[in-house]
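Okay, model.cif now, which holds mmCIF, C-alpha atoms:
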```cif
data_model
loop_
_atom_site.label_atom_id
_atom_site.label_comp_id
_atom_site.auth_asym_id
_atom_site.auth_seq_id
_atom_site.Cartn_x
_atom_site.Cartn_y
_atom_site.Cartn_z
CA MET A 1 -42.53 48.24 -18.16
CA VAL A 2 -38.76 47.81 -17.97
CA THR A 3 -38.75 47.26 -21.71
CA THR A 4 -40.22 50.71 -22.40
CA TYR A 5 -37.46 52.50 -20.51
CA LEU A 6 -34.79 50.47 -22.29
CA VAL A 7 -36.41 51.15 -25.67
CA PHE A 8 -36.19 54.88 -24.95
CA ALA A 9 -32.58 54.47 -23.75
CA GLY A 10 -31.83 52.79 -27.10
CA LEU A 11 -33.55 55.62 -28.97
CA PHE A 12 -31.52 58.27 -27.14
CA PHE A 13 -28.33 56.37 -27.89
CA PHE A 14 -29.28 56.15 -31.55
CA ILE A 15 -30.12 59.88 -31.80
CA GLY A 16 -26.76 60.77 -30.24
CA LEU A 17 -24.89 58.36 -32.50
CA PHE A 18 -26.68 59.74 -35.56
CA ALA A 19 -25.66 63.28 -34.56
CA MET A 20 -22.05 62.19 -34.15
CA LEU A 21 -21.94 60.34 -37.44
CA THR A 22 -23.59 63.00 -39.61
CA GLY A 23 -22.63 66.29 -37.93
CA ARG A 24 -19.83 68.61 -39.02
CA ASN A 25 -19.86 71.18 -36.24
CA MET A 26 -17.60 70.03 -33.39
CA ILE A 27 -19.90 71.42 -30.69
CA ARG A 28 -22.83 69.53 -32.21
CA LEU A 29 -20.79 66.31 -32.13
CA LEU A 30 -20.27 66.82 -28.40
CA ILE A 31 -24.00 67.43 -27.97
CA GLY A 32 -24.53 64.03 -29.62
CA LEU A 33 -22.08 62.49 -27.17
CA GLU A 34 -24.03 64.02 -24.29
CA ILE A 35 -27.28 62.51 -25.57
CA MET A 36 -25.59 59.10 -25.71
CA ALA A 37 -24.42 59.61 -22.12
CA LYS A 38 -28.01 60.21 -21.03
CA ALA A 39 -29.03 56.91 -22.60
CA VAL A 40 -26.33 55.15 -20.60
CA VAL A 41 -27.46 56.81 -17.35
CA LEU A 42 -31.06 55.79 -17.95
CA ALA A 43 -30.07 52.19 -18.73
CA PHE A 44 -27.89 52.03 -15.61
CA ILE A 45 -30.64 53.31 -13.35
CA MET A 46 -33.07 50.80 -14.87
CA ALA A 47 -30.61 47.98 -14.17
CA GLY A 48 -30.45 49.06 -10.52
CA TRP A 49 -34.21 49.34 -10.32
CA VAL A 50 -34.69 45.82 -11.67
CA ARG A 51 -32.10 44.25 -9.38
CA GLY A 52 -33.11 46.29 -6.33
CA GLU A 53 -29.64 47.83 -6.05
CA GLU A 54 -30.48 51.48 -6.49
CA PHE A 55 -27.71 52.72 -4.21
CA LEU A 56 -24.98 50.82 -6.02
CA THR A 57 -26.09 51.97 -9.47
CA GLN A 58 -26.47 55.53 -8.24
CA SER A 59 -22.86 55.50 -7.07
CA TYR A 60 -21.84 54.24 -10.52
CA VAL A 61 -23.91 56.94 -12.18
CA ILE A 62 -22.32 59.63 -10.04
CA THR A 63 -18.86 58.36 -11.01
CA PHE A 64 -19.97 58.34 -14.64
CA ILE A 65 -21.23 61.93 -14.41
CA VAL A 66 -17.94 63.13 -12.90
CA VAL A 67 -15.96 61.46 -15.68
CA GLU A 68 -18.40 62.89 -18.24
CA VAL A 69 -17.91 66.45 -16.96
CA SER A 70 -14.10 66.14 -17.04
CA LEU A 71 -14.32 64.70 -20.55
CA MET A 72 -16.57 67.54 -21.71
CA ALA A 73 -14.30 70.20 -20.22
CA VAL A 74 -11.23 68.78 -21.97
CA ALA A 75 -13.14 68.18 -25.22
CA LEU A 76 -14.46 71.75 -25.28
CA ALA A 77 -10.95 73.08 -24.57
CA LEU A 78 -9.78 71.02 -27.56
CA VAL A 79 -12.58 72.57 -29.64
CA ILE A 80 -11.38 76.07 -28.70
CA ASN A 81 -7.81 75.12 -29.59
CA ALA A 82 -8.91 73.69 -32.93
CA TYR A 83 -10.93 76.85 -33.58
CA ARG A 84 -7.86 79.00 -32.89
CA ASN A 85 -5.83 76.93 -35.34
CA THR A 86 -8.33 76.49 -38.16
CA GLY A 87 -10.66 79.48 -37.66
CA SER A 88 -13.70 77.25 -37.92
CA LEU A 89 -15.68 74.71 -35.94
CA ASP A 90 -15.87 72.38 -38.94
CA ILE A 91 -14.56 68.93 -38.03
CA ARG A 92 -13.20 68.50 -41.57
CA GLY A 93 -10.78 71.35 -40.92
CA LEU A 94 -8.87 69.12 -38.51
CA ALA A 95 -7.73 66.97 -41.43
CA ARG A 96 -5.40 69.83 -42.42
CA LEU A 97 -3.58 69.86 -39.07
CA LYS A 98 -0.04 68.49 -39.12
CA GLY A 99 2.74 67.99 -36.62
CA MET B 1 -45.73 51.94 -16.90
CA ASP B 2 -46.28 55.25 -15.20
CA ILE B 3 -47.97 57.61 -17.67
CA VAL B 4 -46.03 60.62 -16.33
CA ASN B 5 -42.69 58.88 -16.93
CA LEU B 6 -43.82 57.88 -20.42
CA ALA B 7 -44.74 61.49 -21.19
CA LEU B 8 -41.38 62.66 -19.83
CA LEU B 9 -39.49 60.13 -21.98
CA ILE B 10 -41.42 61.19 -25.11
CA LEU B 11 -40.64 64.84 -24.33
CA MET B 12 -36.99 63.92 -23.86
CA THR B 13 -36.93 62.26 -27.27
CA GLY B 14 -38.31 65.44 -28.84
CA LEU B 15 -35.75 67.56 -27.04
CA ALA B 16 -32.93 65.24 -28.14
CA CYS B 17 -34.04 65.66 -31.76
CA ALA B 18 -34.24 69.43 -31.25
CA ALA B 19 -30.73 69.50 -29.75
CA VAL B 20 -29.40 67.68 -32.80
CA PHE B 21 -31.25 69.55 -35.55
CA LEU B 22 -31.79 73.14 -34.32
CA ARG B 23 -29.58 75.49 -36.34
CA ASP B 24 -28.80 77.82 -33.45
CA LEU B 25 -26.22 76.19 -31.18
CA VAL B 26 -27.34 78.10 -28.09
CA ARG B 27 -30.86 76.75 -28.55
CA SER B 28 -29.40 73.26 -29.02
CA ALA B 29 -27.52 73.60 -25.73
CA ILE B 30 -30.68 74.78 -23.98
CA ALA B 31 -32.65 71.83 -25.41
CA LEU B 32 -29.93 69.53 -24.08
CA ALA B 33 -30.17 71.17 -20.65
CA LEU B 34 -33.95 70.73 -20.64
CA MET B 35 -33.48 67.08 -21.58
CA SER B 36 -31.11 66.66 -18.63
CA ALA B 37 -33.61 68.31 -16.30
CA LEU B 38 -36.36 65.95 -17.48
CA LEU B 39 -34.02 62.97 -17.07
CA ALA B 40 -33.39 64.13 -13.51
CA VAL B 41 -37.15 64.05 -12.87
CA VAL B 42 -37.36 60.53 -14.33
CA LEU B 43 -34.43 59.38 -12.17
CA TYR B 44 -36.09 60.85 -9.08
CA ARG B 45 -39.31 59.02 -9.89
CA LEU B 46 -37.31 55.79 -10.33
CA ASN B 47 -36.17 56.00 -6.70
CA SER B 48 -32.72 57.37 -7.52
CA PRO B 49 -32.68 60.84 -5.92
CA TYR B 50 -28.89 61.18 -5.57
CA ALA B 51 -28.25 60.47 -9.23
CA ALA B 52 -31.10 62.89 -10.05
CA VAL B 53 -29.47 65.68 -8.04
CA PHE B 54 -26.13 65.13 -9.81
CA GLU B 55 -27.82 65.00 -13.20
CA LEU B 56 -29.67 68.24 -12.52
CA SER B 57 -26.85 70.24 -10.96
CA VAL B 58 -23.80 68.99 -12.84
CA VAL B 59 -25.09 67.93 -16.26
CA ALA B 60 -28.02 70.34 -16.71
CA GLY B 61 -26.12 73.17 -15.02
CA LEU B 62 -22.37 72.96 -15.38
CA ILE B 63 -22.13 71.31 -18.80
CA THR B 64 -24.67 73.76 -20.23
CA VAL B 65 -22.56 76.65 -18.91
CA LEU B 66 -19.49 75.08 -20.56
CA PHE B 67 -21.33 74.69 -23.88
CA VAL B 68 -22.68 78.24 -23.87
CA SER B 69 -19.26 79.65 -22.92
CA VAL B 70 -17.57 77.84 -25.80
CA ILE B 71 -20.30 78.90 -28.23
CA ALA B 72 -19.81 82.52 -27.10
CA LEU B 73 -16.01 82.23 -27.44
CA THR B 74 -16.13 80.83 -30.96
CA LYS B 75 -19.06 82.71 -32.56
CA GLU B 76 -18.62 80.72 -35.73
CA GLU B 77 -21.72 78.59 -35.81
CA ASP B 78 -23.00 80.14 -39.01
CA GLN B 79 -19.85 79.27 -40.95
CA VAL B 80 -20.26 75.51 -40.56
CA ARG B 81 -22.80 74.39 -43.10
CA GLU B 82 -24.38 71.16 -41.96
CA ALA B 83 -25.43 68.69 -44.64
CA ARG B 84 -29.18 68.74 -45.40
CA TRP B 85 -29.68 65.04 -46.11
CA PRO B 86 -29.60 63.86 -42.44
CA ILE B 87 -32.77 65.88 -41.70
CA TYR B 88 -34.67 64.01 -44.42
CA VAL B 89 -33.22 60.59 -43.65
CA PHE B 90 -33.48 60.86 -39.87
CA PRO B 91 -37.25 60.20 -39.38
CA LEU B 92 -37.11 57.03 -41.50
CA VAL B 93 -33.98 55.72 -39.84
CA LEU B 94 -35.31 56.57 -36.38
CA ALA B 95 -38.58 54.74 -37.07
CA ALA B 96 -36.73 51.68 -38.39
CA PHE B 97 -34.35 51.68 -35.44
CA GLY B 98 -37.25 52.17 -33.01
CA LEU B 99 -39.05 49.09 -34.34
CA ALA B 100 -35.90 46.97 -34.21
CA ASP B 101 -35.12 48.35 -30.73
CA LEU B 102 -38.62 47.44 -29.52
CA ALA B 103 -38.38 43.90 -30.89
CA VAL B 104 -34.92 43.28 -29.39
CA MET B 105 -35.74 44.75 -25.98
CA LYS B 106 -39.00 42.79 -25.81
CA ALA B 107 -37.17 39.58 -26.65
CA LEU B 108 -34.43 40.20 -24.11
CA PHE B 109 -36.14 41.88 -21.18
CA ALA B 110 -39.86 41.08 -21.39
CA GLY B 111 -39.84 39.02 -18.19
CA TYR B 112 -37.97 41.54 -16.05
CA GLN B 113 -39.82 43.41 -13.32
CA PRO B 114 -38.58 46.03 -10.84
CA ALA B 115 -37.38 44.39 -7.64
CA GLY B 116 -39.26 46.95 -5.56
CA TYR B 117 -38.09 49.49 -3.05
CA ALA B 118 -38.03 46.99 -0.17
CA ALA B 119 -35.01 45.29 -1.71
CA VAL B 120 -32.87 48.35 -1.01
CA GLY B 121 -30.49 47.49 1.79
CA GLU B 122 -27.88 49.81 3.30
CA SER B 123 -27.81 53.58 3.11
CA PHE B 124 -26.46 55.42 0.09
CA GLY B 125 -23.57 56.86 2.12
CA ALA B 126 -22.46 53.39 3.22
CA THR B 127 -22.54 52.19 -0.39
CA LEU B 128 -20.68 55.20 -1.80
CA TRP B 129 -18.03 55.61 0.91
CA GLY B 130 -17.78 51.96 1.93
CA VAL B 131 -18.34 49.69 -1.06
CA ARG B 132 -17.20 52.10 -3.78
CA SER B 133 -14.60 54.11 -1.85
CA LEU B 134 -11.94 53.41 -4.48
CA ASP B 135 -14.18 55.11 -7.05
CA ILE B 136 -13.98 58.33 -5.04
CA LEU B 137 -10.19 58.35 -5.38
CA GLY B 138 -10.58 57.69 -9.09
CA GLN B 139 -13.04 60.57 -9.38
CA VAL B 140 -10.61 62.95 -7.67
CA ALA B 141 -7.87 61.83 -10.07
CA VAL B 142 -10.18 62.33 -13.06
CA ILE B 143 -11.18 65.82 -11.90
CA PHE B 144 -7.53 66.82 -11.47
CA ALA B 145 -6.68 65.35 -14.87
CA GLY B 146 -9.53 67.38 -16.39
CA VAL B 147 -8.38 70.60 -14.70
CA PHE B 148 -4.76 70.14 -15.79
CA GLY B 149 -5.88 69.18 -19.29
CA VAL B 150 -7.91 72.38 -19.64
CA LEU B 151 -5.07 74.49 -18.20
CA VAL B 152 -2.56 73.01 -20.64
CA LEU B 153 -4.87 73.34 -23.64
CA LEU B 154 -5.91 76.93 -22.91
CA ARG B 155 -2.59 78.35 -21.73
CA GLU B 156 -1.37 81.54 -23.36
CA LYS B 157 1.40 80.81 -25.80
CA PRO B 158 4.47 83.13 -25.65
CA LEU B 159 4.54 85.72 -28.46
CA THR B 160 6.96 85.31 -31.31
CA ALA B 161 9.57 88.04 -31.93
CA ARG B 162 7.49 89.43 -34.79
CA GLN B 163 4.30 89.52 -32.73
CA GLN B 164 6.21 91.26 -29.92
CA ALA B 165 7.54 93.87 -32.32
CA GLU B 166 4.03 94.47 -33.68
CA ALA B 167 2.66 94.80 -30.15
CA GLU B 168 5.37 97.33 -29.27
CA LYS B 169 4.65 99.27 -32.44
CA ALA B 170 0.95 99.38 -31.66
CA LYS B 171 1.73 100.48 -28.11
CA ASP B 172 3.98 103.31 -29.34
CA GLY B 173 1.31 104.42 -31.76
CA GLY B 174 -1.18 104.50 -28.93
CA GLU B 175 1.10 106.64 -26.78
CA LYS B 176 1.54 109.18 -29.54
CA LEU B 177 -2.18 109.75 -29.58
CA TRP B 178 -2.00 110.98 -26.02
#
```

Once more with this new file: its structure as C-alpha coordinates, please.
Amino acid sequence: MVTTYLVFAGLFFFIGLFAMLTGRNMIRLLIGLEIMAKAVVLAFIMAGWVRGEEFLTQSYVITFIVVEVSLMAVALALVINAYRNTGSLDIRGLARLKG
Amino acid sequence: MDIVNLALLILMTGLACAAVFLRDLVRSAIALALMSALLAVVLYRLNSPYAAVFELSVVAGLITVLFVSVIALTKEEDQVREARWPIYVFPLVLAAFGLADLAVMKALFAGYQPAGYAAVGESFGATLWGVRSLDILGQVAVIFAGVFGVLVLLREKPLTARQQAEAEKAKDGGEKLW
(Lines of atoms letter the chains of each structure in order from A and count residues from 1; the text may use other names and numbers.)
(Lines give C-alpha, C1' and ligand atoms only; values in the text may rest on other atoms or scores of the structure.)
Protein backbone atom coordinates (compact mmCIF):
# COMPACT_ATOMS: atom_id res chain seq x y z
CA MET A 1 0.00 0.00 0.00
CA VAL A 2 2.66 2.49 1.06
CA THR A 3 4.96 0.93 -1.52
CA THR A 4 2.62 1.79 -4.39
CA TYR A 5 2.58 5.49 -3.54
CA LEU A 6 6.36 5.56 -3.24
CA VAL A 7 6.75 3.72 -6.55
CA PHE A 8 4.66 6.42 -8.21
CA ALA A 9 6.66 9.14 -6.42
CA GLY A 10 9.82 7.54 -7.86
CA LEU A 11 8.24 7.45 -11.33
CA PHE A 12 7.31 11.14 -11.17
CA PHE A 13 10.83 12.00 -10.06
CA PHE A 14 12.28 9.99 -12.92
CA ILE A 15 9.98 11.61 -15.52
CA GLY A 16 10.97 15.07 -14.28
CA LEU A 17 14.66 14.18 -14.24
CA PHE A 18 14.41 12.75 -17.77
CA ALA A 19 12.80 16.00 -18.97
CA MET A 20 15.57 18.04 -17.37
CA LEU A 21 18.35 15.90 -18.78
CA THR A 22 17.07 15.65 -22.36
CA GLY A 23 15.18 18.93 -22.89
CA ARG A 24 16.51 22.00 -24.66
CA ASN A 25 13.71 24.48 -24.07
CA MET A 26 14.28 26.31 -20.78
CA ILE A 27 10.56 26.41 -19.92
CA ARG A 28 10.34 22.66 -20.45
CA LEU A 29 13.28 22.15 -18.09
CA LEU A 30 11.37 24.05 -15.41
CA ILE A 31 8.30 21.91 -16.09
CA GLY A 32 10.53 18.89 -15.40
CA LEU A 33 11.64 20.48 -12.14
CA GLU A 34 7.99 20.98 -11.17
CA ILE A 35 7.23 17.30 -11.80
CA MET A 36 10.16 16.36 -9.55
CA ALA A 37 8.76 18.68 -6.87
CA LYS A 38 5.43 16.84 -7.01
CA ALA A 39 7.23 13.56 -6.40
CA VAL A 40 8.86 15.06 -3.31
CA VAL A 41 5.51 16.34 -1.99
CA LEU A 42 3.90 12.93 -2.46
CA ALA A 43 6.79 11.16 -0.70
CA PHE A 44 6.67 13.63 2.19
CA ILE A 45 2.94 13.20 2.69
CA MET A 46 3.36 9.42 2.62
CA ALA A 47 6.06 9.66 5.29
CA GLY A 48 3.66 11.63 7.49
CA TRP A 49 0.86 9.18 6.84
CA VAL A 50 3.02 6.22 7.85
CA ARG A 51 4.32 7.84 11.02
CA GLY A 52 0.98 9.39 11.98
CA GLU A 53 2.41 12.91 11.85
CA GLU A 54 0.26 14.43 9.15
CA PHE A 55 0.29 17.91 10.64
CA LEU A 56 4.07 18.10 10.86
CA THR A 57 4.60 16.89 7.29
CA GLN A 58 1.91 19.23 6.02
CA SER A 59 3.74 22.16 7.56
CA TYR A 60 6.93 20.99 5.83
CA VAL A 61 5.07 20.64 2.55
CA ILE A 62 3.66 24.14 2.85
CA THR A 63 7.16 25.51 3.46
CA PHE A 64 8.38 23.52 0.46
CA ILE A 65 5.60 24.91 -1.76
CA VAL A 66 6.42 28.50 -0.75
CA VAL A 67 10.10 27.97 -1.55
CA GLU A 68 9.12 26.28 -4.83
CA VAL A 69 6.99 29.25 -5.91
CA SER A 70 9.77 31.74 -5.13
CA LEU A 71 12.23 29.55 -7.01
CA MET A 72 9.91 29.32 -10.02
CA ALA A 73 9.32 33.08 -10.10
CA VAL A 74 13.06 33.82 -10.07
CA ALA A 75 13.82 31.03 -12.55
CA LEU A 76 11.17 32.27 -14.99
CA ALA A 77 12.51 35.83 -14.65
CA LEU A 78 15.95 34.42 -15.51
CA VAL A 79 14.40 32.70 -18.55
CA ILE A 80 12.96 36.03 -19.74
CA ASN A 81 16.34 37.70 -19.24
CA ALA A 82 18.10 34.94 -21.15
CA TYR A 83 15.50 35.24 -23.92
CA ARG A 84 16.15 38.99 -24.16
CA ASN A 85 19.88 38.35 -24.46
CA THR A 86 19.92 35.38 -26.81
CA GLY A 87 16.58 35.73 -28.64
CA SER A 88 15.78 32.09 -28.01
CA LEU A 89 14.63 29.75 -25.27
CA ASP A 90 17.27 27.19 -26.21
CA ILE A 91 19.39 26.29 -23.19
CA ARG A 92 22.44 25.83 -25.44
CA GLY A 93 22.32 29.54 -26.25
CA LEU A 94 23.42 30.32 -22.70
CA ALA A 95 26.85 28.84 -23.47
CA ARG A 96 27.54 31.95 -25.57
CA LEU A 97 26.94 34.36 -22.68
CA LYS A 98 30.05 36.03 -21.27
CA GLY A 99 30.84 38.53 -18.56
CA MET B 1 -4.70 0.41 -1.82
CA ASP B 2 -7.64 2.63 -2.60
CA ILE B 3 -8.63 2.07 -6.24
CA VAL B 4 -9.53 5.76 -6.70
CA ASN B 5 -6.08 6.87 -5.53
CA LEU B 6 -4.46 4.31 -7.83
CA ALA B 7 -6.47 5.64 -10.78
CA LEU B 8 -5.51 9.20 -9.85
CA LEU B 9 -1.81 8.28 -9.66
CA ILE B 10 -1.95 6.54 -13.06
CA LEU B 11 -3.66 9.61 -14.54
CA MET B 12 -0.98 11.80 -12.99
CA THR B 13 1.73 9.70 -14.62
CA GLY B 14 0.06 10.17 -18.01
CA LEU B 15 -0.24 13.90 -17.46
CA ALA B 16 3.43 14.12 -16.42
CA CYS B 17 4.42 12.40 -19.68
CA ALA B 18 2.13 14.76 -21.60
CA ALA B 19 3.67 17.80 -19.88
CA VAL B 20 7.12 16.63 -20.92
CA PHE B 21 6.41 15.56 -24.50
CA LEU B 22 3.60 17.80 -25.82
CA ARG B 23 5.02 20.18 -28.44
CA ASP B 24 2.82 23.12 -27.47
CA LEU B 25 4.17 24.69 -24.28
CA VAL B 26 0.79 26.09 -23.23
CA ARG B 27 -0.68 22.59 -23.37
CA SER B 28 2.30 21.32 -21.37
CA ALA B 29 1.63 23.95 -18.70
CA ILE B 30 -2.04 22.98 -18.60
CA ALA B 31 -1.14 19.29 -18.26
CA LEU B 32 1.13 20.24 -15.36
CA ALA B 33 -1.69 22.21 -13.74
CA LEU B 34 -4.05 19.24 -14.11
CA MET B 35 -1.40 17.00 -12.55
CA SER B 36 -1.18 19.41 -9.60
CA ALA B 37 -4.95 19.40 -9.22
CA LEU B 38 -5.01 15.59 -9.17
CA LEU B 39 -2.16 15.55 -6.64
CA ALA B 40 -4.23 17.89 -4.48
CA VAL B 41 -7.08 15.35 -4.57
CA VAL B 42 -4.69 12.55 -3.60
CA LEU B 43 -3.29 14.64 -0.73
CA TYR B 44 -6.82 15.37 0.49
CA ARG B 45 -7.65 11.68 0.42
CA LEU B 46 -4.46 10.96 2.38
CA ASN B 47 -5.74 13.10 5.27
CA SER B 48 -3.64 16.14 4.39
CA PRO B 49 -6.20 18.83 3.53
CA TYR B 50 -3.99 21.87 4.25
CA ALA B 51 -1.23 20.68 1.95
CA ALA B 52 -3.93 19.88 -0.65
CA VAL B 53 -5.29 23.43 -0.50
CA PHE B 54 -1.80 24.89 -0.97
CA GLU B 55 -1.05 22.50 -3.81
CA LEU B 56 -4.29 23.41 -5.57
CA SER B 57 -4.21 27.17 -5.08
CA VAL B 58 -0.50 27.96 -5.26
CA VAL B 59 1.00 25.27 -7.49
CA ALA B 60 -1.94 24.52 -9.80
CA GLY B 61 -2.98 28.18 -9.89
CA LEU B 62 -0.14 30.61 -9.40
CA ILE B 63 2.69 28.64 -11.01
CA THR B 64 0.52 27.88 -14.05
CA VAL B 65 -0.20 31.61 -14.41
CA LEU B 66 3.55 32.29 -14.21
CA PHE B 67 4.29 29.65 -16.86
CA VAL B 68 1.60 30.88 -19.25
CA SER B 69 2.71 34.51 -18.78
CA VAL B 70 6.32 33.65 -19.62
CA ILE B 71 5.24 31.57 -22.62
CA ALA B 72 3.16 34.52 -23.86
CA LEU B 73 6.06 36.95 -23.30
CA THR B 74 8.58 34.85 -25.20
CA LYS B 75 6.52 33.40 -28.09
CA GLU B 76 9.53 31.44 -29.26
CA GLU B 77 8.52 27.88 -28.55
CA ASP B 78 8.61 26.88 -32.20
CA GLN B 79 12.23 27.96 -32.64
CA VAL B 80 13.61 25.47 -30.12
CA ARG B 81 13.82 22.13 -31.85
CA GLU B 82 13.73 19.37 -29.27
CA ALA B 83 15.70 16.22 -30.04
CA ARG B 84 13.55 13.33 -31.29
CA TRP B 85 15.43 10.44 -29.68
CA PRO B 86 14.09 10.97 -26.11
CA ILE B 87 10.54 10.20 -27.31
CA TYR B 88 11.64 6.79 -28.60
CA VAL B 89 13.91 5.97 -25.68
CA PHE B 90 11.56 7.18 -22.96
CA PRO B 91 9.07 4.24 -22.82
CA LEU B 92 11.89 1.69 -22.52
CA VAL B 93 13.77 3.66 -19.90
CA LEU B 94 10.58 4.36 -17.96
CA ALA B 95 9.64 0.67 -17.94
CA ALA B 96 13.14 -0.34 -16.80
CA PHE B 97 13.16 2.32 -14.10
CA GLY B 98 9.63 1.35 -13.00
CA LEU B 99 10.66 -2.28 -12.48
CA ALA B 100 13.79 -1.29 -10.55
CA ASP B 101 11.75 1.25 -8.55
CA LEU B 102 9.17 -1.41 -7.66
CA ALA B 103 11.85 -3.88 -6.53
CA VAL B 104 13.69 -1.31 -4.40
CA MET B 105 10.56 0.13 -2.79
CA LYS B 106 9.23 -3.35 -2.02
CA ALA B 107 12.53 -4.31 -0.42
CA LEU B 108 12.71 -1.14 1.65
CA PHE B 109 9.13 -0.36 2.62
CA ALA B 110 7.12 -3.58 2.30
CA GLY B 111 6.43 -3.80 6.03
CA TYR B 112 5.28 -0.20 6.49
CA GLN B 113 1.63 0.52 7.15
CA PRO B 114 -0.17 3.84 7.70
CA ALA B 115 -0.27 4.73 11.38
CA GLY B 116 -3.94 5.65 11.12
CA TYR B 117 -5.76 8.88 11.72
CA ALA B 118 -6.04 8.31 15.48
CA ALA B 119 -2.31 8.91 15.84
CA VAL B 120 -2.76 12.57 14.89
CA GLY B 121 -2.23 14.66 17.99
CA GLU B 122 -2.43 18.45 18.20
CA SER B 123 -4.16 20.76 15.78
CA PHE B 124 -2.52 21.89 12.56
CA GLY B 125 -2.37 25.50 13.75
CA ALA B 126 -0.49 24.51 16.90
CA THR B 127 2.01 22.53 14.81
CA LEU B 128 2.53 25.26 12.21
CA TRP B 129 2.66 28.29 14.52
CA GLY B 130 4.10 26.54 17.57
CA VAL B 131 6.46 23.76 16.53
CA ARG B 132 7.50 25.18 13.15
CA SER B 133 7.23 28.91 13.88
CA LEU B 134 10.80 29.52 12.71
CA ASP B 135 9.81 28.13 9.31
CA ILE B 136 7.26 30.92 8.94
CA LEU B 137 10.01 33.53 9.32
CA GLY B 138 12.07 31.63 6.77
CA GLN B 139 9.12 31.57 4.38
CA VAL B 140 8.67 35.32 4.68
CA ALA B 141 12.38 35.81 3.96
CA VAL B 142 12.18 33.49 0.94
CA ILE B 143 9.13 35.31 -0.45
CA PHE B 144 10.88 38.68 -0.10
CA ALA B 145 14.03 37.27 -1.69
CA GLY B 146 11.90 36.00 -4.59
CA VAL B 147 10.16 39.36 -5.04
CA PHE B 148 13.44 41.30 -4.99
CA GLY B 149 15.04 38.77 -7.31
CA VAL B 150 12.26 39.18 -9.87
CA LEU B 151 12.37 42.99 -9.55
CA VAL B 152 16.12 43.07 -10.12
CA LEU B 153 16.00 40.64 -13.04
CA LEU B 154 13.12 42.36 -14.84
CA ARG B 155 14.03 46.00 -14.21
CA GLU B 156 14.14 48.31 -17.20
CA LYS B 157 17.71 49.04 -18.18
CA PRO B 158 18.56 52.71 -18.94
CA LEU B 159 18.82 53.45 -22.69
CA THR B 160 22.21 53.99 -24.23
CA ALA B 161 22.96 57.34 -25.92
CA ARG B 162 22.40 55.79 -29.35
CA GLN B 163 19.08 54.23 -28.35
CA GLN B 164 17.99 57.60 -26.89
CA ALA B 165 18.89 59.38 -30.12
CA GLU B 166 16.94 56.80 -32.14
CA ALA B 167 13.94 57.17 -29.83
CA GLU B 168 14.04 60.97 -30.22
CA LYS B 169 14.30 60.62 -33.99
CA ALA B 170 11.31 58.30 -34.08
CA LYS B 171 9.38 60.70 -31.86
CA ASP B 172 10.16 63.65 -34.14
CA GLY B 173 9.11 61.64 -37.15
CA GLY B 174 5.84 60.84 -35.43
CA GLU B 175 5.16 64.50 -34.67
CA LYS B 176 5.69 65.48 -38.28
CA LEU B 177 2.90 63.16 -39.29
CA TRP B 178 0.49 65.22 -37.25

Point to revise | Residues of chain A within 8 Å of chain B, all atoms listed in the file counted, as a ChimeraX atom specification | key: /A:1-4,6-8,10-12,14-16,19,22-25,27-28,31-32,35,38,42,45-46,49-56,58-59,61-63,65-67,69-74,76-78,80-81,83,88-90

Exercise for review: One decimal, Å: what's the distance from atom CA of B:Ala18 over to atom CA of B:Ile30, could you say?
Suggested key: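 Atom-to-atom, atom CA of B:Ala18 to atom CA of B:Ile30, that is 9.7 Å.
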
Review point. Can you tell me how far atom CA of A:Phe64 sits from atom CA of B:Asp24, in Å to one decimal?
Key: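 These two atoms are separated by 28.5 Å.
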
Exercise for review: Rounded to one decimal place, report the atom CA of B:Gly61-atom CA of B:Gly14 distance in Å.
Suggested key: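 Result for atom CA of B:Gly61 versus atom CA of B:Gly14: 20.0 Å, one decimal.
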